[in-house]
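So the structure is just underneath, and the comments pick up after that.
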Amino acid sequence: MSPASLDESPCWFVLNYVRLAFRDMCKKAVERFNKSQDCDLELFAPTYVIREEKNGEVRMKTANLTFHYVFVRGAFSDVKMLCAQQNGFSFLIDRGSAERYATVSDRDMANFQNIARAYSNCLPYFSLEDIDLEEGDLVEVINGDFPGLIGVYMPKPKSKSGNIILSVYNKVGTIAFDVKATDVRVLEFSHKSTRANDQLDAIVPHLLSALRYHRSSEALSASLAAKLSVFCSRMSVVRLETRKLDAKLQAVLFGCNSVIGNKEAAEKAKARYEKLKDSVTNEWTQALTALIFAIIDGDESGIRSISESLKTLTPASKAQNMLVDECAFYIEQ
């Protein structure tokens, strides 16, 4: 990105700010600049703090950092003029980028400010030097204290919550602590994990139980309905690596949304499944997805056909035996 193109549209520049003797703080410096130059630069200058836990007590203390980052949004020419004055501001040069000047995208900055609001503009400082962000899932918060926040979710061992890490710039990040797993939806699973498969395997027994209620026109129990609803919320927009796994997910989403009464979402999942179903080659997955649709559609002959096809297979896992038993349950009705 050349300086000329930067002039055309405002963006967030990462600036160094070193307070000079007898100078006002950076907020007043920007306000004074805007007034004198008839500009509208936007400043974001959070305080960085470190979260410490000792004996179960959480304390936040100001971080002693070796840099003095602040963020200013505006056209390149206006920000350049700001840095040219004797006010403590200077550009942070990104020597690893052809763009030269360090910038942060509007989306990342919105997420950054989202965390800042929740922590009263005192951002938890987090070094990313020893963190492998590839191990986490990309998620969006849909409930709780950080709605709309998009970041990398790191589940906490033996817990129903986790931390969301946001990479800001140059190995510097911030973190939203203790976000419930039920408050996020997955946008993309980690390439290093099996969590997509795990999530699907975990919900299938609950879906099969719910389908029995659906078949007999009985209302779902509150706990079962909640499990299916949370699954749909978390998995509705996830991007999966393979068409096969995505096809299975869409069939499961169709089943879950159908039994909890979300017809619009069910139809959307069904339409996507139709585009992906030819990629499913595993016979057990074919049987599972076919059974879901047959039960929802009340297709008795379809259920019998699935049951007959399973007789040619030898179940080798708990999930496969469960599927055989489920077909037998419907045949015996």
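Ordered as shown in the structure tokens, chains take letters A, B, and onward, while each chain numbers its residues from 1 and ligands are numbered from 1 in the order shown.
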Distance query range 159-171 of chain A at most 7 Å, only C-alpha atoms, self and fewer than 4 positions along chain excluded, as a list of chain:residue names: A:Ser127, A:Leu128, A:Glu129, A:Gly151, A:Val152, A:Tyr153, A:Met154, A:Pro155, A:Ile175, A:Ala176, A:Phe177, A:Asp178, A:Val179, A:Lys180, A:Ala181
Determine, counting only C-alpha atoms, which protein, DNA and RNA residues have an atom within 12 Å of an atom of Ser301 in chain A; residues of the same chain fewer than 3 positions away are not included. Present the result as an mmCIF file with C-alpha atoms, in the first residue's frame.
```cif
data_model
loop_
_atom_site.group_PDB
_atom_site.id
_atom_site.type_symbol
_atom_site.label_atom_id
_atom_site.label_comp_id
_atom_site.auth_asym_id
_atom_site.auth_seq_id
_atom_site.Cartn_x
_atom_site.Cartn_y
_atom_site.Cartn_z
ATOM 1 C CA ALA A 290 -30.357 -40.970 5.583
ATOM 2 C CA LEU A 291 -31.952 -42.016 8.891
ATOM 3 C CA ALA A 294 -36.221 -40.410 6.885
ATOM 4 C CA ILE A 295 -37.415 -39.868 10.464
ATOM 5 C CA ASP A 297 -39.926 -36.845 6.736
ATOM 6 C CA GLY A 298 -41.853 -39.805 8.189
ATOM 7 C CA ARG A 304 -36.648 -50.078 6.506
ATOM 8 C CA SER A 305 -34.238 -49.715 3.577
ATOM 9 C CA ILE A 306 -31.571 -48.227 5.865
ATOM 10 C CA SER A 307 -32.065 -51.046 8.360
ATOM 11 C CA GLU A 308 -31.612 -53.661 5.618
ATOM 12 C CA CYS A 327 -32.927 -48.530 13.198
ATOM 13 C CA TYR A 330 -38.127 -47.889 14.488
ATOM 14 C CA ILE A 331 -38.648 -51.202 12.687
#
```
Take CA of Phe112 in chain A and CA of Asp132 in chain A and report the distance between them in Å, one decimal. 19.4 Å
For the helix (DSSP H, G or I) assignment from backbone DSSP, which residues of range 2-212 of chain A qualify? Please present them as a VMD selection string. chain A and resid 3 to 8 26 to 37 76 to 84 106 to 118 133 to 135 181 to 183 195 to 212
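Nearest residue to Thr289 in chain A, choosing from A:Lys311, A:Lys268, A:Lys248, A:Lys158 and counting only C-alpha atoms: A:Lys248.
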Run DSSP on the backbone and grab whatever in range 169-252 of chain A lands in strand (DSSP E); send it over as a PDB file with all heavy atoms, in the first residue's frame.
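Listed below is the output, result-v8.pdb:
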```pdb
ATOM      1  N   TYR A 169      -0.782  -6.768  17.285  1.00  0.00           N
ATOM      2  CA  TYR A 169       0.303  -6.401  16.381  1.00  0.00           C
ATOM      3  C   TYR A 169       1.620  -6.907  16.937  1.00  0.00           C
ATOM      4  O   TYR A 169       1.900  -6.770  18.136  1.00  0.00           O
ATOM      5  CB  TYR A 169       0.386  -4.881  16.176  1.00  0.00           C
ATOM      6  CG  TYR A 169       1.511  -4.488  15.251  1.00  0.00           C
ATOM      7  CD1 TYR A 169       1.378  -4.651  13.878  1.00  0.00           C
ATOM      8  CD2 TYR A 169       2.730  -4.043  15.750  1.00  0.00           C
ATOM      9  CE1 TYR A 169       2.422  -4.353  13.020  1.00  0.00           C
ATOM     10  CE2 TYR A 169       3.772  -3.741  14.900  1.00  0.00           C
ATOM     11  CZ  TYR A 169       3.620  -3.894  13.541  1.00  0.00           C
ATOM     12  OH  TYR A 169       4.650  -3.616  12.699  1.00  0.00           O
ATOM     13  N   VAL A 172       2.021  -8.969  20.018  1.00  0.00           N
ATOM     14  CA  VAL A 172       1.338  -8.382  21.162  1.00  0.00           C
ATOM     15  C   VAL A 172      -0.147  -8.679  21.023  1.00  0.00           C
ATOM     16  O   VAL A 172      -0.734  -8.480  19.958  1.00  0.00           O
ATOM     17  CB  VAL A 172       1.553  -6.860  21.227  1.00  0.00           C
ATOM     18  CG1 VAL A 172       0.711  -6.253  22.345  1.00  0.00           C
ATOM     19  CG2 VAL A 172       3.028  -6.554  21.446  1.00  0.00           C
ATOM     20  N   GLY A 173      -0.740  -9.190  22.093  1.00  0.00           N
ATOM     21  CA  GLY A 173      -2.152  -9.509  22.029  1.00  0.00           C
ATOM     22  C   GLY A 173      -2.876  -9.078  23.291  1.00  0.00           C
ATOM     23  O   GLY A 173      -2.269  -8.600  24.246  1.00  0.00           O
ATOM     24  N   THR A 174      -4.175  -9.235  23.262  1.00  0.00           N
ATOM     25  CA  THR A 174      -4.971  -9.044  24.459  1.00  0.00           C
ATOM     26  C   THR A 174      -5.894 -10.231  24.581  1.00  0.00           C
ATOM     27  O   THR A 174      -5.982 -11.058  23.666  1.00  0.00           O
ATOM     28  CB  THR A 174      -5.746  -7.713  24.422  1.00  0.00           C
ATOM     29  OG1 THR A 174      -6.304  -7.473  25.718  1.00  0.00           O
ATOM     30  CG2 THR A 174      -6.858  -7.738  23.384  1.00  0.00           C
ATOM     31  N   ILE A 175      -6.589 -10.332  25.705  1.00  0.00           N
ATOM     32  CA  ILE A 175      -7.303 -11.574  25.991  1.00  0.00           C
ATOM     33  C   ILE A 175      -8.596 -11.281  26.732  1.00  0.00           C
ATOM     34  O   ILE A 175      -8.651 -10.392  27.581  1.00  0.00           O
ATOM     35  CB  ILE A 175      -6.386 -12.523  26.803  1.00  0.00           C
ATOM     36  CG1 ILE A 175      -7.020 -13.890  26.999  1.00  0.00           C
ATOM     37  CG2 ILE A 175      -5.997 -11.910  28.136  1.00  0.00           C
ATOM     38  CD1 ILE A 175      -6.040 -14.926  27.517  1.00  0.00           C
ATOM     39  N   ALA A 176      -9.645 -12.002  26.361  1.00  0.00           N
ATOM     40  CA  ALA A 176     -10.914 -11.961  27.085  1.00  0.00           C
ATOM     41  C   ALA A 176     -10.984 -13.235  27.919  1.00  0.00           C
ATOM     42  O   ALA A 176     -10.975 -14.340  27.375  1.00  0.00           O
ATOM     43  CB  ALA A 176     -12.094 -11.888  26.116  1.00  0.00           C
ATOM     44  N   PHE A 177     -11.033 -13.069  29.224  1.00  0.00           N
ATOM     45  CA  PHE A 177     -10.942 -14.213  30.127  1.00  0.00           C
ATOM     46  C   PHE A 177     -12.310 -14.852  30.391  1.00  0.00           C
ATOM     47  O   PHE A 177     -13.338 -14.192  30.435  1.00  0.00           O
ATOM     48  CB  PHE A 177     -10.346 -13.784  31.470  1.00  0.00           C
ATOM     49  CG  PHE A 177      -8.895 -13.402  31.400  1.00  0.00           C
ATOM     50  CD1 PHE A 177      -8.515 -12.075  31.397  1.00  0.00           C
ATOM     51  CD2 PHE A 177      -7.909 -14.369  31.319  1.00  0.00           C
ATOM     52  CE1 PHE A 177      -7.177 -11.716  31.347  1.00  0.00           C
ATOM     53  CE2 PHE A 177      -6.573 -14.020  31.261  1.00  0.00           C
ATOM     54  CZ  PHE A 177      -6.209 -12.697  31.274  1.00  0.00           C
ATOM     55  N   ASP A 178     -12.275 -16.175  30.584  1.00  0.00           N
ATOM     56  CA  ASP A 178     -13.410 -16.933  31.112  1.00  0.00           C
ATOM     57  C   ASP A 178     -14.696 -16.742  30.306  1.00  0.00           C
ATOM     58  O   ASP A 178     -15.759 -16.413  30.840  1.00  0.00           O
ATOM     59  CB  ASP A 178     -13.666 -16.557  32.579  1.00  0.00           C
ATOM     60  CG  ASP A 178     -12.442 -16.822  33.446  1.00  0.00           C
ATOM     61  OD1 ASP A 178     -11.755 -17.823  33.198  1.00  0.00           O
ATOM     62  OD2 ASP A 178     -12.172 -16.024  34.359  1.00  0.00           O
ATOM     63  N   VAL A 179     -14.594 -16.951  29.006  1.00  0.00           N
ATOM     64  CA  VAL A 179     -15.768 -16.888  28.126  1.00  0.00           C
ATOM     65  C   VAL A 179     -16.384 -18.285  28.051  1.00  0.00           C
ATOM     66  O   VAL A 179     -15.693 -19.256  27.751  1.00  0.00           O
ATOM     67  CB  VAL A 179     -15.384 -16.405  26.720  1.00  0.00           C
ATOM     68  CG1 VAL A 179     -16.614 -16.361  25.823  1.00  0.00           C
ATOM     69  CG2 VAL A 179     -14.724 -15.035  26.796  1.00  0.00           C
ATOM     70  N   LYS A 180     -17.656 -18.394  28.342  1.00  0.00           N
ATOM     71  CA  LYS A 180     -18.317 -19.700  28.331  1.00  0.00           C
ATOM     72  C   LYS A 180     -18.345 -20.284  26.918  1.00  0.00           C
ATOM     73  O   LYS A 180     -18.577 -19.568  25.943  1.00  0.00           O
ATOM     74  CB  LYS A 180     -19.751 -19.570  28.858  1.00  0.00           C
ATOM     75  CG  LYS A 180     -19.857 -19.185  30.320  1.00  0.00           C
ATOM     76  CD  LYS A 180     -21.316 -19.058  30.727  1.00  0.00           C
ATOM     77  CE  LYS A 180     -21.446 -18.649  32.182  1.00  0.00           C
ATOM     78  NZ  LYS A 180     -22.878 -18.479  32.566  1.00  0.00           N
ATOM     79  N   VAL A 184     -20.217 -18.853  22.510  1.00  0.00           N
ATOM     80  CA  VAL A 184     -19.507 -18.615  21.251  1.00  0.00           C
ATOM     81  C   VAL A 184     -20.030 -19.537  20.162  1.00  0.00           C
ATOM     82  O   VAL A 184     -20.559 -20.617  20.440  1.00  0.00           O
ATOM     83  CB  VAL A 184     -17.976 -18.823  21.398  1.00  0.00           C
ATOM     84  CG1 VAL A 184     -17.429 -17.969  22.529  1.00  0.00           C
ATOM     85  CG2 VAL A 184     -17.629 -20.292  21.627  1.00  0.00           C
ATOM     86  N   ARG A 185     -19.891 -19.078  18.935  1.00  0.00           N
ATOM     87  CA  ARG A 185     -20.133 -19.977  17.804  1.00  0.00           C
ATOM     88  C   ARG A 185     -18.831 -20.100  17.030  1.00  0.00           C
ATOM     89  O   ARG A 185     -18.054 -19.140  16.926  1.00  0.00           O
ATOM     90  CB  ARG A 185     -21.262 -19.479  16.918  1.00  0.00           C
ATOM     91  CG  ARG A 185     -21.042 -18.146  16.212  1.00  0.00           C
ATOM     92  CD  ARG A 185     -22.238 -17.838  15.324  1.00  0.00           C
ATOM     93  NE  ARG A 185     -22.122 -16.556  14.664  1.00  0.00           N
ATOM     94  CZ  ARG A 185     -23.065 -16.056  13.877  1.00  0.00           C
ATOM     95  NH1 ARG A 185     -24.180 -16.735  13.663  1.00  0.00           N
ATOM     96  NH2 ARG A 185     -22.896 -14.891  13.294  1.00  0.00           N
ATOM     97  N   VAL A 186     -18.600 -21.276  16.510  1.00  0.00           N
ATOM     98  CA  VAL A 186     -17.343 -21.564  15.846  1.00  0.00           C
ATOM     99  C   VAL A 186     -17.405 -21.084  14.402  1.00  0.00           C
ATOM    100  O   VAL A 186     -18.342 -21.407  13.665  1.00  0.00           O
ATOM    101  CB  VAL A 186     -17.025 -23.077  15.885  1.00  0.00           C
ATOM    102  CG1 VAL A 186     -15.679 -23.359  15.230  1.00  0.00           C
ATOM    103  CG2 VAL A 186     -17.022 -23.582  17.315  1.00  0.00           C
ATOM    104  N   LEU A 187     -16.403 -20.317  14.003  1.00  0.00           N
ATOM    105  CA  LEU A 187     -16.292 -19.885  12.611  1.00  0.00           C
ATOM    106  C   LEU A 187     -15.376 -20.823  11.831  1.00  0.00           C
ATOM    107  O   LEU A 187     -15.611 -21.097  10.655  1.00  0.00           O
ATOM    108  CB  LEU A 187     -15.751 -18.453  12.540  1.00  0.00           C
ATOM    109  CG  LEU A 187     -16.559 -17.378  13.268  1.00  0.00           C
ATOM    110  CD1 LEU A 187     -15.897 -16.019  13.101  1.00  0.00           C
ATOM    111  CD2 LEU A 187     -17.995 -17.343  12.754  1.00  0.00           C
ATOM    112  N   GLU A 188     -14.341 -21.295  12.501  1.00  0.00           N
ATOM    113  CA  GLU A 188     -13.412 -22.216  11.835  1.00  0.00           C
ATOM    114  C   GLU A 188     -12.656 -23.006  12.905  1.00  0.00           C
ATOM    115  O   GLU A 188     -12.065 -22.427  13.816  1.00  0.00           O
ATOM    116  CB  GLU A 188     -12.415 -21.436  10.974  1.00  0.00           C
ATOM    117  CG  GLU A 188     -11.503 -22.305  10.138  1.00  0.00           C
ATOM    118  CD  GLU A 188     -10.639 -21.485   9.186  1.00  0.00           C
ATOM    119  OE1 GLU A 188     -10.964 -20.293   8.970  1.00  0.00           O
ATOM    120  OE2 GLU A 188      -9.651 -22.034   8.680  1.00  0.00           O
TER     121      GLU A 188
END
```
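For the set A:Leu41, A:Lys227, A:Phe33, A:Asn55, the residue with the smallest atom-to-atom gap to Gln85 in chain A is A:Phe33, counting only C-alpha atoms.
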Applying 8 Å and only C-alpha atoms, which residues near Phe44 in chain A remain after dropping the ones on its own chain fewer than 6 positions away? List them as a short mmCIF file (atom, residue, chain, number, x, y, z; two decimals) with N, CA, C and O atoms, in the first residue's frame.
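This is the output file result_23.cif:
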```cif
data_model
loop_
_atom_site.label_atom_id
_atom_site.label_comp_id
_atom_site.auth_asym_id
_atom_site.auth_seq_id
_atom_site.Cartn_x
_atom_site.Cartn_y
_atom_site.Cartn_z
N VAL A 70 0.00 3.47 20.55
CA VAL A 70 -1.34 4.02 20.50
C VAL A 70 -1.82 3.84 19.07
O VAL A 70 -1.04 3.55 18.16
N PHE A 71 -3.12 4.03 18.85
CA PHE A 71 -3.70 3.78 17.53
C PHE A 71 -4.50 5.00 17.10
O PHE A 71 -5.34 5.49 17.85
N VAL A 72 -4.21 5.46 15.90
CA VAL A 72 -4.88 6.66 15.38
C VAL A 72 -5.48 6.32 14.02
O VAL A 72 -4.79 5.79 13.13
#
```
Quick one: residues within 8 Å of range 279-287 of chain A, only C-alpha atoms counted, chain neighbours fewer than 6 positions away excluded, as a PyMOL selection string? chain A and resi 243-244+247-248+306+310+320
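Non-sequential neighbours of Arg73 in chain A (distance at most 10 Å, separation of 4 or more positions within a chain, only C-alpha atoms) are A:Ser9, A:Pro10, A:Cys11, A:Trp12, A:Phe13, A:Val14, A:Asp40, A:Leu41, A:Glu42, A:Leu43, A:Phe44, A:Asp78, A:Val79, A:Thr103, A:Val104, A:Asp106.
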Produce a file of the selected residues containing N, CA and C atoms, as a PDB file, in the first residue's frame.
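Everything below was put into selection_15.pdb:
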```pdb
ATOM      1  N   SER A   9      -8.360   6.564   1.848  1.00  0.00           N
ATOM      2  CA  SER A   9      -9.310   6.039   2.831  1.00  0.00           C
ATOM      3  C   SER A   9      -8.663   5.977   4.206  1.00  0.00           C
ATOM      4  N   PRO A  10      -9.383   6.418   5.239  1.00  0.00           N
ATOM      5  CA  PRO A  10      -8.832   6.377   6.597  1.00  0.00           C
ATOM      6  C   PRO A  10      -8.589   4.941   7.043  1.00  0.00           C
ATOM      7  N   CYS A  11      -7.554   4.738   7.837  1.00  0.00           N
ATOM      8  CA  CYS A  11      -7.312   3.432   8.433  1.00  0.00           C
ATOM      9  C   CYS A  11      -6.617   3.635   9.772  1.00  0.00           C
ATOM     10  N   TRP A  12      -6.495   2.566  10.524  1.00  0.00           N
ATOM     11  CA  TRP A  12      -5.871   2.628  11.848  1.00  0.00           C
ATOM     12  C   TRP A  12      -4.368   2.475  11.713  1.00  0.00           C
ATOM     13  N   PHE A  13      -3.619   3.496  12.108  1.00  0.00           N
ATOM     14  CA  PHE A  13      -2.162   3.439  12.123  1.00  0.00           C
ATOM     15  C   PHE A  13      -1.681   3.155  13.545  1.00  0.00           C
ATOM     16  N   VAL A  14      -0.664   2.301  13.644  1.00  0.00           N
ATOM     17  CA  VAL A  14      -0.021   2.062  14.931  1.00  0.00           C
ATOM     18  C   VAL A  14       1.074   3.111  15.089  1.00  0.00           C
ATOM     19  N   ASP A  40     -10.324  15.128  11.753  1.00  0.00           N
ATOM     20  CA  ASP A  40     -11.194  14.288  12.579  1.00  0.00           C
ATOM     21  C   ASP A  40     -10.492  12.973  12.890  1.00  0.00           C
ATOM     22  N   LEU A  41      -9.249  13.061  13.349  1.00  0.00           N
ATOM     23  CA  LEU A  41      -8.509  11.851  13.702  1.00  0.00           C
ATOM     24  C   LEU A  41      -9.147  11.201  14.933  1.00  0.00           C
ATOM     25  N   GLU A  42      -9.173   9.866  14.922  1.00  0.00           N
ATOM     26  CA  GLU A  42      -9.730   9.111  16.046  1.00  0.00           C
ATOM     27  C   GLU A  42      -8.587   8.424  16.776  1.00  0.00           C
ATOM     28  N   LEU A  43      -8.593   8.519  18.098  1.00  0.00           N
ATOM     29  CA  LEU A  43      -7.513   7.967  18.910  1.00  0.00           C
ATOM     30  C   LEU A  43      -8.026   6.819  19.760  1.00  0.00           C
ATOM     31  N   PHE A  44      -7.220   5.764  19.836  1.00  0.00           N
ATOM     32  CA  PHE A  44      -7.479   4.675  20.778  1.00  0.00           C
ATOM     33  C   PHE A  44      -6.180   4.418  21.525  1.00  0.00           C
ATOM     34  N   ASP A  78      -3.095  13.171   7.008  1.00  0.00           N
ATOM     35  CA  ASP A  78      -3.408  13.808   8.288  1.00  0.00           C
ATOM     36  C   ASP A  78      -2.573  13.212   9.420  1.00  0.00           C
ATOM     37  N   VAL A  79      -2.429  11.886   9.411  1.00  0.00           N
ATOM     38  CA  VAL A  79      -1.644  11.236  10.455  1.00  0.00           C
ATOM     39  C   VAL A  79      -0.167  11.627  10.320  1.00  0.00           C
ATOM     40  N   THR A 103      -0.246  -0.919  10.384  1.00  0.00           N
ATOM     41  CA  THR A 103      -1.669  -0.620  10.469  1.00  0.00           C
ATOM     42  C   THR A 103      -2.408  -1.814  11.064  1.00  0.00           C
ATOM     43  N   VAL A 104      -3.624  -1.554  11.521  1.00  0.00           N
ATOM     44  CA  VAL A 104      -4.512  -2.586  12.054  1.00  0.00           C
ATOM     45  C   VAL A 104      -5.833  -2.459  11.319  1.00  0.00           C
ATOM     46  N   ASP A 106      -9.841  -2.519  10.396  1.00  0.00           N
ATOM     47  CA  ASP A 106     -11.003  -2.022  11.133  1.00  0.00           C
ATOM     48  C   ASP A 106     -11.646  -3.139  11.955  1.00  0.00           C
TER      49      ASP A 106
END
```
Any idea what's packed within 12 Å of Tyr213 in chain A, counting only C-alpha atoms, ignoring anything in its chain fewer than 4 positions away? Could you give it as a PyMOL selection string? chain A and resi 206-209+217-221+224-225+258-260+295-296
Take the residues just selected and output them with N, CA, C and O atoms as a compact mmCIF listing (two decimals), in the first residue's frame.
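So selection-v4.txt came out as:
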```
# COMPACT_ATOMS: atom_id res chain seq x y z
N HIS A 206 -27.68 -37.41 21.36
CA HIS A 206 -28.76 -36.54 21.82
C HIS A 206 -29.76 -36.30 20.69
O HIS A 206 -30.98 -36.24 20.94
N LEU A 207 -29.27 -36.17 19.47
CA LEU A 207 -30.17 -35.99 18.34
C LEU A 207 -31.04 -37.23 18.14
O LEU A 207 -32.25 -37.12 17.89
N LEU A 208 -30.44 -38.41 18.23
CA LEU A 208 -31.21 -39.64 18.05
C LEU A 208 -32.28 -39.77 19.12
O LEU A 208 -33.41 -40.22 18.83
N SER A 209 -31.96 -39.38 20.34
CA SER A 209 -32.98 -39.38 21.40
C SER A 209 -34.10 -38.40 21.08
O SER A 209 -35.28 -38.71 21.25
N SER A 217 -44.37 -37.29 18.37
CA SER A 217 -45.01 -35.97 18.56
C SER A 217 -45.03 -35.54 20.02
O SER A 217 -45.96 -34.86 20.47
N GLU A 218 -43.99 -35.91 20.76
CA GLU A 218 -43.87 -35.50 22.16
C GLU A 218 -42.93 -34.30 22.25
O GLU A 218 -42.01 -34.15 21.45
N ALA A 219 -43.15 -33.49 23.27
CA ALA A 219 -42.27 -32.34 23.50
C ALA A 219 -40.93 -32.81 24.05
O ALA A 219 -40.86 -33.75 24.83
N LEU A 220 -39.87 -32.15 23.60
CA LEU A 220 -38.54 -32.48 24.10
C LEU A 220 -38.40 -32.04 25.56
O LEU A 220 -39.03 -31.08 25.99
N SER A 221 -37.57 -32.75 26.30
CA SER A 221 -37.25 -32.29 27.65
C SER A 221 -36.46 -30.98 27.53
O SER A 221 -35.81 -30.72 26.51
N LEU A 224 -32.69 -31.57 26.91
CA LEU A 224 -32.37 -32.06 25.57
C LEU A 224 -32.52 -30.94 24.54
O LEU A 224 -31.67 -30.78 23.65
N ALA A 225 -33.58 -30.16 24.66
CA ALA A 225 -33.77 -29.03 23.75
C ALA A 225 -32.63 -28.03 23.87
O ALA A 225 -32.15 -27.48 22.87
N SER A 258 -34.79 -29.09 13.06
CA SER A 258 -36.15 -29.57 12.80
C SER A 258 -36.87 -29.92 14.09
O SER A 258 -38.03 -29.53 14.30
N VAL A 259 -36.20 -30.63 14.98
CA VAL A 259 -36.89 -31.08 16.19
C VAL A 259 -37.08 -29.96 17.21
O VAL A 259 -37.97 -30.05 18.05
N ILE A 260 -36.27 -28.90 17.14
CA ILE A 260 -36.49 -27.78 18.07
C ILE A 260 -37.38 -26.70 17.44
O ILE A 260 -37.64 -25.68 18.05
N ILE A 295 -36.59 -40.05 9.27
CA ILE A 295 -37.42 -39.87 10.46
C ILE A 295 -38.13 -38.53 10.41
O ILE A 295 -39.33 -38.44 10.70
N ILE A 296 -37.41 -37.47 10.06
CA ILE A 296 -38.04 -36.15 9.98
C ILE A 296 -39.16 -36.15 8.94
O ILE A 296 -40.22 -35.55 9.15
```
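Put simply, CA of Phe89 in chain A is 6.4 Å away from CA of Leu15 in chain A.
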